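Student: Here it is, the structure, as C-alpha cells.
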Amino acid sequence: MDLRALFSSNDPVGSSEAFTNRQSQWNVIATAIEEHLRHIAAPSFDVEDLESPRTNVIVFHGVGGVGKSTLLRKIESALTAAEQRPQQWGAPAWASETILPVRIDLSRSASMDFERVVLTIRLALAAAVGHPMPSFDLALRRYWDAQHPGEPLEEYVRRTGLVGKFGQMLPQQMQSAVTEAASALKLPGLVGSAAGQVATALVQALRERRERARALAGCARTADLLEADPDLEALSYYPHLLAWEISRLPTKRAVVPTILLDTFEDTGDRHRDTERLLQRLVWLMPNAFFVIAGRNRLAWADPALQGQLDFTGPDAWPGLAPEAEQPARVAGGDRQHLIGDFSPEDCDAYLARRLTQDGQPLITPAIRAVVTERAHGLPLHLDLAVARYLQIRRTGRTPPGRLRPHFPRPHRPHLSDLTANERHVLRSASLLDAFDLDLATQAAGLTHQAAARRLVERPMITENPYAIWPFHLHGAIRAALRRADDHTEDRWTPADWHRAAERALAALGRQWQDAGALLPSRTLLVACLRQGLRLARDHHLGDLGWLTDAAFAYTDDSVWEPLAPPTHTPSPSPGTEPQPGPDTPADALAELLTAIARRQHEHRERTAERLTAVLSTGLLSGELTELALYYRAKAHKDLARTDTALDGMRQVADADGRLAPRARRGMASLARIQGDFPTTLAAVPTLGWEGRHHRVLAHIRWPHGDIDRAAAAFEAARTEAEQHNAPGERAIAQTLLALVTAFTDPDRADDELALAHQYLAPLDQRATTLYAHVAALIRDAEPRRASV
C-alpha cells in the first residue's frame, strides 16, 4: 500500500506499489542460487579455503531510478515466502526454507557502516538458527567490549534500530557463547564473565591442542583471530569464523544466507576503504550468496585495483570480469547484469495499475503516454509522475492531458559520482546522439581520452559495438542535462553549451573528412550529416562549414537515405498553403536535402514548391543555392516545363560551380527532349564523368533504335561508375542497360535485370526501380529466341 497516495486527498484512490517486468533478473538469481547450492554441497567444497575463485556474488547495475532497490526488495520478499513472489516469476528449484535473505541498505542516508553490516547479518542468523555460534560470538563480544566500553550490545541494538522481533536474541546468544566457552575451559565464574579473558584462555587451550577447546572452536584460524587486536580490521576477518560456524550447523537448522547489498555505489571513495572491508566479507563467506546492486559495475576483477583491494583480477572473480577477459568458463558464467529500462508497454501497465478508482485506471491513456515518453523507461520517474499527478489532483484541478513532468534531481547523484573532467565530457557527449571515445574527447576540447574512457564504463552509457559510434547516453540523463540547471559548482552557461556544440560539430566534420581521405563511407557520411544538422539547428550555428561539402557528397550518388524528418510539416497536397519554413541556415539545409530525397516519394510539383520556399528564405549559401536551383530545374523538367527547367539549368551552368557539369548535362537532355539531337550529341564530349557523358550518349542512341551502341554506352557508364565508387549511378546505368536489351534480347535482359535488382536492393531509388519494372514488362512481351 502506498500511504502517500492514500492520504493525498479526500477522494479515495486505490494505490499499490505496482511491479512489472524483471522476470529475467529473477531467472538469473534463481539459477545462480541453485548453482551456489550445488557448489557448497559438493564434497570438494571447503569453507576454510582462501585461494579458490569466488562465484558467490552477482551484481545488478544501472542508472539511478531504474528500479534496483525495488528489485532487491522483491527478491527479498520472494526468498522469504513463496506467496510473496510476483505471479510472473516462476518457482525456484530449491527449497525456500534453506535460504535466509538479508537485505542491507548501504546508502549514506541509512548510516550503515561495516560494523552494523556484520551485526545485521548476525542478527538475522540469530533469528533463523536460534543458538550461539561460539567462535564468532566470542570474537565479536571481545571486539564489542574493546570498542564500546560501557555500552551494552542490547542497548546499542535498540538505539540504532537494528532491534526487531529477534533483536534481543543476539546479546543473549553472545553471552551464552562466552559462558559455554568458560564452562568448557573450566574457568572461574568471575573470569568467565569477561570475554577478553575467556578468549585468552581459549587461545592458550587451542595452542596446547586441548580436545575440548578444539571441539568448541575447531576453525584453524580461530586462535590467530582471537589474538589480534580487536579493532575494525580484525572485525573484517571475523566473517571467516561466521562462515565456519554456518557450515557446521545441524541439518535441521542449516541455512544459506543470501545477503542483498543495496546502493553499493555509496560505499565508494578515493581509497575504497569501506569497499575493501565489504569485499573481504564476501570472500571470507564463500558459503553465503551475495547480491549487490549499484549504479556502477563492480571492478573487483580489474587487476589495476591491486593494493586498494585484497582480492582482485579475473582469476579471483571470474564471473565479474568482462566476457572477453574471463578465464576458462566457470559455473555461473557472467555475474554482472545491467538493469534495463522498462519498455513503453511496461511503463503504461505500471501507471495503469499504480492508481485506480472503482477498479479502473485513474490516469488517462493520454497522460500515461506522455509520462511514458518522458520517463525514458525509469520506474523512479513513473513514481515521481504519479506523485505530481496526485499533487495537481489534490488542488481540485483535473491534471492536464499534456502533463509533462521533468525531474532533474534524481540524476544529480550521477554527476556527483564523476570527476570534473568526466562531468565535462558527459555534458559534451549529451549534445550527441551517439559517440566514440575520440568524438567525445574532441567535443569536450580535451587532449586525452582518459576521462571519456572512464565515463563510458558507467551504466548511464550503453554500448552497441556494431554501430558507427558505439556509445549512447541514457535518454533520461541526456534530457535532464540539456533541460535543467544541474546545480553543480561547475555547471555550464549558455555560452559554454554553444562552444561545446561548435566543438562537437567540428569533430564530426573531422571524422568524416579523415575517413573520406582513406576510404569514403556512405554510412558515415549520412550519420555525420544527421548529427551535424541537428547540432547546427539546435544551437543556431551560423557557419555550416563541412556540412556544405557533405551535402554535395550526399546528393552526388543518388542514394537518398532519409536524413531527418522535415523541419516543418509539408502540405498535404500541391496548391495548399505551406507551413512556416526554416529560420536558420541549418534548418534551410535540412529542408533542402529532405526535399531532394523525398522527391522519390512525392509529386514533383510538391518538390518544386518546397525548393522554391527554401530559396526564398535567403538562408542558403551561394553553392547551396545552386544545389536548390539545379534540383528545382530537374523537377520542372519532369513536369514538362522545359523552358523553366532550361532557365534554371543555365543559371547553374553560368555560375561555373561544382554543379556546372551536371547543369550542362541537364541542358543537353532538355535539348534532346525538344528534338534537338545534334545539339545534344555535340555536347557529349564536353560533359565528362561529372556530366555522365556515356549515359547522355546512350539516351540519344536507343530512342533511334541503335540498341547495340546504346547498350555499349550504358555498359561504359556502369564501368565508369564502378571506377568512381558510385553505387547509385551504377544502379541507374545497369537498370537502363536492362531496359534497352529487353527490346531485342530477352535472355540477356534476364541477366541484366537480376544484376540491376542486386544493385538496387540497398538503395532508395524509386524512379529507377520503376524503370526495372518496365524493363521486365518489355522482356516478357518480347518473343524468346529458339534455343539451338
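Going through the C-alpha cells in order, the chains are called A, B, and so on, while each chain numbers its residues from 1 and the ligands are numbered from 1 in the order shown.
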If you run DSSP on this backbone, which residues of segment 344-524 of chain A come out as strand (DSSP E), and could you give them as a ChimeraX atom specification?
Tutor: /A:355-357,360-361,461-463,471-473
Student: Could you write out the selected residues, including N, CA, C and O atoms, as a compact mmCIF listing (two decimals), in the first residue's frame?
Tutor:
# COMPACT_ATOMS: atom_id res chain seq x y z
N LEU A 355 -2.43 3.63 -9.79
CA LEU A 355 -3.56 4.34 -9.19
C LEU A 355 -4.84 3.87 -9.85
O LEU A 355 -4.94 3.85 -11.08
N THR A 356 -5.82 3.49 -9.04
CA THR A 356 -7.09 3.03 -9.59
C THR A 356 -8.24 3.67 -8.83
O THR A 356 -8.09 4.11 -7.68
N GLN A 357 -9.38 3.72 -9.46
CA GLN A 357 -10.61 4.21 -8.84
C GLN A 357 -11.77 3.41 -9.40
O GLN A 357 -11.95 3.35 -10.62
N GLN A 360 -10.83 0.94 -12.07
CA GLN A 360 -10.33 1.43 -13.35
C GLN A 360 -9.10 2.30 -13.15
O GLN A 360 -8.96 2.96 -12.12
N PRO A 361 -8.19 2.35 -14.13
CA PRO A 361 -7.02 3.22 -14.00
C PRO A 361 -7.42 4.67 -13.83
O PRO A 361 -8.29 5.18 -14.55
N ILE A 461 25.88 5.00 -19.71
CA ILE A 461 26.30 4.89 -21.10
C ILE A 461 26.06 3.46 -21.57
O ILE A 461 26.55 2.51 -20.96
N THR A 462 25.27 3.31 -22.62
CA THR A 462 25.06 1.99 -23.20
C THR A 462 25.94 1.85 -24.44
O THR A 462 26.31 2.83 -25.07
N GLU A 463 26.26 0.61 -24.79
CA GLU A 463 27.20 0.37 -25.88
C GLU A 463 26.59 -0.58 -26.90
O GLU A 463 26.00 -1.60 -26.56
N PHE A 471 28.71 4.34 -28.41
CA PHE A 471 28.22 4.72 -27.09
C PHE A 471 27.02 5.67 -27.19
O PHE A 471 26.98 6.56 -28.04
N HIS A 472 26.06 5.45 -26.28
CA HIS A 472 24.85 6.27 -26.23
C HIS A 472 24.59 6.65 -24.77
O HIS A 472 24.64 5.79 -23.89
N LEU A 473 24.31 7.90 -24.53
CA LEU A 473 23.97 8.36 -23.19
C LEU A 473 22.51 8.07 -22.92
O LEU A 473 21.65 8.26 -23.79
Student: What parts of segment 400-639 of chain A does DSSP call helix (DSSP H, G or I)? I'd like the answer as an MDAnalysis selection string.
Tutor: chainID A and resid 409:416 420:429 437:444 450:455 475:483 494:518 522:538 546:556 585:598 604:617 622:638
Student: Closest to Val256 of chain A among A:Leu505, A:Ala81, A:Val129, A:Leu284, using only C-alpha atoms?
Tutor: A:Val129
Student: List the neighbours of Ala742 of chain A out to 12 Å using only C-alpha atoms; skip same-chain residues closer than 3 positions along the sequence, and give me the result as JSON, numbers by chain.
Tutor: {"A": [702, 707, 708, 711, 735, 736, 737, 738, 739, 745, 746, 747, 748, 749, 750, 751, 752, 753, 771, 772, 773, 774, 775, 776, 777, 778, 779, 780, 781, 782, 783, 784]}
Student: For Val28 of chain A, which residue out of A:Ala479, A:Ala110, A:Ile339, A:Leu382 is the nearest one, using only C-alpha atoms?
Tutor: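 The shortest atom-to-atom distance to Val28 of chain A comes from A:Ile339.
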Student: Go through segment 293-329 of chain A residue by residue and, counting only C-alpha atoms, keep those with an atom at most 8 Å from segment 64-80 of chain A; for each kept residue give the shortest atom pair and its distance in Å to one decimal, ordered by chain and increasing number, as CSV.
Tutor:
residue,atom,partner,partner_atom,distance
A:Ala293,CA,A:Lys68,CA,6.3
A:Gly294,CA,A:Lys68,CA,7.4
A:Arg295,CA,A:Gly64,CA,6.3
Student: Report as JSON, numbers by chain all protein, DNA and RNA residues lying within 10 Å of Gln23 of chain A, evaluated on only C-alpha atoms, omitting residues in the same chain fewer than 2 positions from it.
Tutor: {"A": [20, 21, 25, 26, 27, 28, 29, 86, 87, 88, 89, 90]}
Student: Using only C-alpha atoms, find the one residue out of A:Asp273, A:Glu626, A:Glu373, A:Glu715 that sits nearest to Gly307 of chain A.
Tutor: A:Asp273
